[in-house]
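What follows is the content of run.txt (compact mmCIF, C-alpha atoms).
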# COMPACT_ATOMS: atom_id res chain seq x y z
CA MET T 1 30.17 49.25 28.22
CA LYS T 2 26.59 48.16 28.89
CA LYS T 3 25.63 48.98 25.28
CA ALA T 4 28.50 46.91 23.95
CA LEU T 5 27.54 43.91 26.11
CA PHE T 6 23.91 44.30 25.07
CA PHE T 7 24.80 44.30 21.35
CA LEU T 8 27.19 41.39 21.86
CA PHE T 9 24.40 39.42 23.59
CA ILE T 10 21.97 40.18 20.72
CA PHE T 11 24.58 39.22 18.12
CA ILE T 12 25.35 35.89 19.82
CA SER T 13 21.65 35.01 20.20
CA ILE T 14 20.99 35.74 16.50
CA VAL T 15 23.96 33.67 15.35
CA ALA T 16 23.04 30.81 17.69
CA SER T 17 19.41 30.73 16.51
CA ALA T 18 20.46 30.84 12.84
CA GLN T 19 22.55 27.70 13.32
CA ASP T 20 19.86 25.82 15.22
CA SER T 21 19.22 22.40 13.69
CA THR T 22 16.51 21.08 16.00
CA GLY T 23 14.43 19.74 13.14
CA SER T 24 12.37 22.64 11.89
CA HIS T 25 12.36 22.16 8.15
CA HIS T 26 10.21 25.06 7.02
CA GLY T 27 10.37 25.57 3.31
CA SER T 28 11.89 22.17 2.44
CA VAL T 29 10.40 20.14 -0.39
CA LYS T 30 10.16 16.36 -0.39
CA VAL T 31 10.11 14.81 -3.85
CA GLN T 32 8.71 11.33 -4.34
CA LYS T 33 9.30 9.62 -7.66
CA LYS T 34 6.19 8.15 -9.24
CA GLY T 35 6.23 5.95 -12.29
CA THR T 36 3.95 3.82 -14.37
CA LEU T 37 2.13 0.90 -12.79
CA HIS T 38 4.32 -2.20 -12.74
CA SER T 39 2.54 -5.02 -10.92
CA VAL T 40 -0.43 -6.04 -8.78
CA LEU T 41 -0.14 -7.51 -5.27
CA TYR T 42 -2.68 -9.17 -2.99
CA ASP T 43 -3.00 -7.63 0.49
CA ASP T 44 -4.28 -10.54 2.60
CA VAL T 45 -4.69 -8.40 5.71
CA ASN T 46 -7.19 -5.99 4.14
CA PHE T 47 -8.49 -8.43 1.47
CA ARG T 48 -7.70 -6.17 -1.49
CA LEU T 49 -5.50 -5.76 -4.55
CA VAL T 50 -2.92 -2.96 -4.67
CA CYS T 51 -0.64 -1.79 -7.48
CA ARG T 52 3.07 -1.09 -7.33
CA ASP T 53 4.77 1.35 -9.70
CA THR T 54 8.22 1.06 -11.25
CA TYR T 55 9.84 2.84 -8.25
CA GLY T 56 8.22 0.51 -5.67
CA ASN T 57 5.55 2.94 -4.44
CA ILE T 58 2.24 1.33 -3.49
CA ASN T 59 -0.94 2.76 -5.03
CA ASP T 60 -3.87 1.29 -3.13
CA THR T 61 -6.62 2.95 -5.19
CA ALA T 62 -5.46 2.01 -8.69
CA VAL T 63 -7.32 -1.30 -9.15
CA VAL T 64 -10.70 -0.76 -10.80
CA SER T 65 -12.00 -4.31 -11.26
CA PHE T 66 -11.00 -7.99 -11.16
CA ASN T 67 -12.38 -11.52 -11.16
CA LEU T 68 -11.68 -13.96 -8.33
CA ASN T 69 -11.86 -17.77 -8.37
CA VAL T 70 -11.25 -19.73 -5.19
CA THR T 71 -12.00 -23.18 -3.79
CA VAL T 72 -12.90 -23.25 -0.10
CA ARG T 73 -13.42 -26.66 1.55
CA GLY T 74 -14.12 -28.28 -1.80
CA LEU T 75 -16.62 -25.66 -2.99
CA ALA T 76 -15.64 -23.42 -5.89
CA TYR T 77 -16.56 -19.74 -5.72
CA SER T 78 -16.26 -17.12 -8.41
CA GLU T 79 -16.97 -13.41 -8.22
CA GLU T 80 -16.46 -10.22 -10.17
CA SER T 81 -15.44 -7.22 -8.10
CA ALA T 82 -15.66 -3.55 -8.98
CA GLY T 83 -12.95 -1.74 -7.04
CA CYS T 84 -9.97 -3.12 -5.20
CA PHE T 85 -11.68 -5.00 -2.33
CA ILE T 86 -12.98 -8.57 -2.18
CA SER T 87 -16.70 -8.76 -1.28
CA LYS T 88 -17.66 -8.93 2.41
CA GLN T 89 -19.12 -12.42 2.01
CA MET T 90 -15.88 -13.72 0.49
CA GLN T 91 -13.84 -11.93 3.17
CA GLN T 92 -15.78 -13.82 5.83
CA ARG T 93 -15.19 -17.14 4.07
CA LEU T 94 -11.46 -16.49 3.79
CA SER T 95 -11.01 -15.17 7.33
CA ARG T 96 -12.49 -18.35 8.84
CA GLN T 97 -10.08 -20.73 7.13
CA ASP T 98 -7.66 -22.82 9.12
CA GLY T 99 -5.63 -23.91 6.09
CA VAL T 100 -4.03 -22.43 2.99
CA VAL T 101 -6.39 -21.29 0.22
CA VAL T 102 -5.21 -20.42 -3.29
CA LEU T 103 -6.87 -17.34 -4.79
CA MET T 104 -6.81 -16.99 -8.59
CA PHE T 105 -7.17 -13.41 -9.84
CA SER T 106 -7.96 -12.72 -13.49
CA ASN T 107 -9.16 -9.89 -15.76
CA ILE T 108 -7.43 -7.29 -13.57
CA LYS T 109 -7.95 -3.67 -14.64
CA ALA T 110 -6.27 -0.66 -13.03
CA LYS T 111 -6.22 3.07 -13.66
CA ASP T 112 -2.81 4.74 -13.99
CA ARG T 113 -1.99 8.30 -12.92
CA ASN T 114 -3.10 9.66 -16.32
CA GLY T 115 -6.53 8.00 -16.04
CA LYS T 116 -5.79 5.31 -18.64
CA ILE T 117 -7.09 1.78 -17.95
CA VAL T 118 -4.28 -0.80 -17.84
CA SER T 119 -4.73 -4.60 -17.91
CA PHE T 120 -2.56 -6.92 -15.83
CA PRO T 121 -1.88 -10.65 -16.29
CA ASP T 122 -3.61 -13.27 -14.16
CA PHE T 123 -1.89 -14.38 -10.96
CA LYS T 124 -2.33 -16.68 -7.96
CA ALA T 125 -1.95 -15.79 -4.30
CA GLN T 126 -2.11 -17.88 -1.14
CA SER T 127 -4.07 -16.88 1.91
CA GLY T 128 -4.38 -18.47 5.33
CA LYS T 129 -2.01 -20.43 7.53
CA ALA T 130 -0.64 -23.90 6.98
CA ARG T 131 -1.68 -26.54 9.45
CA GLU T 132 0.94 -28.62 11.23
CA GLY T 133 0.69 -31.58 8.87
CA ASP T 134 0.71 -29.55 5.64
CA ASN T 135 3.95 -29.16 3.71
CA TYR T 136 3.68 -25.66 2.24
Let's see the structure in the file written out as structure tokens.
Amino acid sequence: MKKALFFLFIFISIVASAQDSTGSHHGSVKVQKKGTLHSVLYDDVNFRLVCRDTYGNINDTAVVSFNLNVTVRGLAYSEESAGCFISKQMQQRLSRQDGVVVLMFSNIKAKDRNGKIVSFPDFKAQSGKAREGDNY
């Protein structure tokens, strides 16, 4: 009788642990679709350009170079950047603004997942906050 109860206890514990769904996903595979680069976006929090692929995934290291033109308080600035970030000096200028500034990006080059350089069309982006009297 004791042996039968012992084996019944072992059997129940094995069956109960086999049906446990507490979140251990050992051996599962997560597949993320990746496609060709689709567009370029301006990240005004980190002062950089990022690429988006055809599935909507963000690739933050794809941009290789770009040109930036901006007018800050009536002074025009232009710079060529290698990489995806705006220069530190321009970041300081843009972070101190109390109005909306229009950034004009041109000559944008990015590297796709195969290592091929892709060109993107020019685009404009706004940065900063509108003041109370501005109608933006």
Please provide the set of residues having any atom within 8 Å of T:Asn67, restricted to all atoms listed in the file, with same-chain residues fewer than 6 positions apart removed, written as a PyMOL selection string. chain T and resi 78-81+105-108
To one decimal place in Å, what is the distance between atom CA of T:Asp44 and atom CA of T:Lys116?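 Taking atom CA of T:Asp44 and atom CA of T:Lys116, their separation equals 26.5 Å.
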Interatomic distance, atom CA of T:Val102 to atom CA of T:Phe123 (Å, one decimal): 10.3 Å
One decimal, in Å: what's the spacing between atom CA of T:Thr61 and atom CA of T:Leu37? 11.8 Å
Which residues are near T:Val50? Cut-off 9 Å, only C-alpha atoms, ignore same chain within fewer than 4 positions. Put them as a PDB file with C-alpha atoms, in the frame of the given file.
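Full text of out33.pdb as output:
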ATOM      1  CA  SER T  39       2.540  -5.020 -10.920  1.00  0.00           C
ATOM      2  CA  VAL T  40      -0.430  -6.040  -8.780  1.00  0.00           C
ATOM      3  CA  LEU T  41      -0.140  -7.510  -5.270  1.00  0.00           C
ATOM      4  CA  TYR T  42      -2.680  -9.170  -2.990  1.00  0.00           C
ATOM      5  CA  ASP T  43      -3.000  -7.630   0.490  1.00  0.00           C
ATOM      6  CA  ILE T  58       2.240   1.330  -3.490  1.00  0.00           C
ATOM      7  CA  ASN T  59      -0.940   2.760  -5.030  1.00  0.00           C
ATOM      8  CA  ASP T  60      -3.870   1.290  -3.130  1.00  0.00           C
ATOM      9  CA  THR T  61      -6.620   2.950  -5.190  1.00  0.00           C
ATOM     10  CA  ALA T  62      -5.460   2.010  -8.690  1.00  0.00           C
ATOM     11  CA  VAL T  63      -7.320  -1.300  -9.150  1.00  0.00           C
ATOM     12  CA  CYS T  84      -9.970  -3.120  -5.200  1.00  0.00           C
TER      13      CYS T  84
END
Which is closest to T:Thr54 among T:Lys109, T:Thr36, T:Asn114, T:Thr71, if we use only C-alpha atoms?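 Ranking T:Lys109, T:Thr36, T:Asn114, T:Thr71 by distance to T:Thr54, first place goes to T:Thr36.
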From the options T:Gly128, T:His38, T:Phe85, T:Leu75, which residue's atoms come nearest to T:Gly99, counting all atoms listed in the file?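 Nearest candidate to T:Gly99 out of T:Gly128, T:His38, T:Phe85, T:Leu75: T:Gly128.
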If we draw a sphere of 10 Å around (-9.9, -22.6, -3.5), which residues have at least one atom in it when counting only C-alpha atoms? Please report them as a list in words. Asn69, Val70, Thr71, Val72, Arg73, Gly74, Leu75, Ala76, Tyr77, Ser78, Leu94, Val100, Val101, Val102, Leu103, Met104, Gln126 and Ser127 of chain T
Go through T:Phe47, T:Gly56, T:Lys34, T:Ser65 one by one, measure the shortest atom-to-atom distance of each to T:Phe120 using all atoms listed in the file, and give the residue with the smallest value.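 Of the candidates, the smallest distance to T:Phe120 is held by T:Ser65.
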Would you kindly place N, CA and C atoms on stretch 109-126 of chain T and return the model as a PDB file, in the coordinates of the input?
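Written out: selection-v3.pdb:
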ATOM      1  N   LYS T 109      -8.026  -4.983 -13.995  1.00  0.00           N
ATOM      2  CA  LYS T 109      -7.950  -3.670 -14.640  1.00  0.00           C
ATOM      3  C   LYS T 109      -7.590  -2.640 -13.584  1.00  0.00           C
ATOM      4  N   ALA T 110      -6.689  -1.725 -13.952  1.00  0.00           N
ATOM      5  CA  ALA T 110      -6.270  -0.660 -13.030  1.00  0.00           C
ATOM      6  C   ALA T 110      -6.190   0.645 -13.804  1.00  0.00           C
ATOM      7  N   LYS T 111      -6.289   1.739 -13.063  1.00  0.00           N
ATOM      8  CA  LYS T 111      -6.220   3.070 -13.660  1.00  0.00           C
ATOM      9  C   LYS T 111      -4.884   3.692 -13.273  1.00  0.00           C
ATOM     10  N   ASP T 112      -4.110   4.126 -14.281  1.00  0.00           N
ATOM     11  CA  ASP T 112      -2.810   4.740 -13.990  1.00  0.00           C
ATOM     12  C   ASP T 112      -3.001   6.216 -13.637  1.00  0.00           C
ATOM     13  N   ARG T 113      -1.905   6.915 -13.385  1.00  0.00           N
ATOM     14  CA  ARG T 113      -1.990   8.300 -12.920  1.00  0.00           C
ATOM     15  C   ARG T 113      -2.541   9.252 -13.974  1.00  0.00           C
ATOM     16  N   ASN T 114      -2.540   8.834 -15.254  1.00  0.00           N
ATOM     17  CA  ASN T 114      -3.100   9.660 -16.320  1.00  0.00           C
ATOM     18  C   ASN T 114      -4.573   9.344 -16.587  1.00  0.00           C
ATOM     19  N   GLY T 115      -5.131   8.369 -15.873  1.00  0.00           N
ATOM     20  CA  GLY T 115      -6.530   8.000 -16.040  1.00  0.00           C
ATOM     21  C   GLY T 115      -6.755   6.908 -17.069  1.00  0.00           C
ATOM     22  N   LYS T 116      -5.695   6.355 -17.638  1.00  0.00           N
ATOM     23  CA  LYS T 116      -5.790   5.310 -18.640  1.00  0.00           C
ATOM     24  C   LYS T 116      -5.969   3.954 -17.955  1.00  0.00           C
ATOM     25  N   ILE T 117      -6.851   3.112 -18.499  1.00  0.00           N
ATOM     26  CA  ILE T 117      -7.090   1.780 -17.950  1.00  0.00           C
ATOM     27  C   ILE T 117      -6.000   0.832 -18.464  1.00  0.00           C
ATOM     28  N   VAL T 118      -5.373   0.121 -17.528  1.00  0.00           N
ATOM     29  CA  VAL T 118      -4.280  -0.800 -17.840  1.00  0.00           C
ATOM     30  C   VAL T 118      -4.712  -2.200 -17.414  1.00  0.00           C
ATOM     31  N   SER T 119      -4.436  -3.207 -18.242  1.00  0.00           N
ATOM     32  CA  SER T 119      -4.730  -4.600 -17.910  1.00  0.00           C
ATOM     33  C   SER T 119      -3.477  -5.282 -17.377  1.00  0.00           C
ATOM     34  N   PHE T 120      -3.663  -6.170 -16.407  1.00  0.00           N
ATOM     35  CA  PHE T 120      -2.560  -6.920 -15.830  1.00  0.00           C
ATOM     36  C   PHE T 120      -2.791  -8.411 -16.042  1.00  0.00           C
ATOM     37  N   PRO T 121      -1.720  -9.200 -16.101  1.00  0.00           N
ATOM     38  CA  PRO T 121      -1.880 -10.650 -16.290  1.00  0.00           C
ATOM     39  C   PRO T 121      -2.472 -11.316 -15.048  1.00  0.00           C
ATOM     40  N   ASP T 122      -3.027 -12.497 -15.261  1.00  0.00           N
ATOM     41  CA  ASP T 122      -3.610 -13.270 -14.160  1.00  0.00           C
ATOM     42  C   ASP T 122      -2.500 -13.701 -13.209  1.00  0.00           C
ATOM     43  N   PHE T 123      -2.861 -13.869 -11.939  1.00  0.00           N
ATOM     44  CA  PHE T 123      -1.890 -14.380 -10.960  1.00  0.00           C
ATOM     45  C   PHE T 123      -2.601 -15.111  -9.839  1.00  0.00           C
ATOM     46  N   LYS T 124      -1.832 -15.915  -9.107  1.00  0.00           N
ATOM     47  CA  LYS T 124      -2.330 -16.680  -7.960  1.00  0.00           C
ATOM     48  C   LYS T 124      -1.696 -16.141  -6.694  1.00  0.00           C
ATOM     49  N   ALA T 125      -2.456 -16.199  -5.610  1.00  0.00           N
ATOM     50  CA  ALA T 125      -1.950 -15.790  -4.300  1.00  0.00           C
ATOM     51  C   ALA T 125      -2.471 -16.765  -3.258  1.00  0.00           C
ATOM     52  N   GLN T 126      -1.682 -17.004  -2.230  1.00  0.00           N
ATOM     53  CA  GLN T 126      -2.110 -17.880  -1.140  1.00  0.00           C
ATOM     54  C   GLN T 126      -2.558 -17.044   0.042  1.00  0.00           C
TER      55      GLN T 126
END
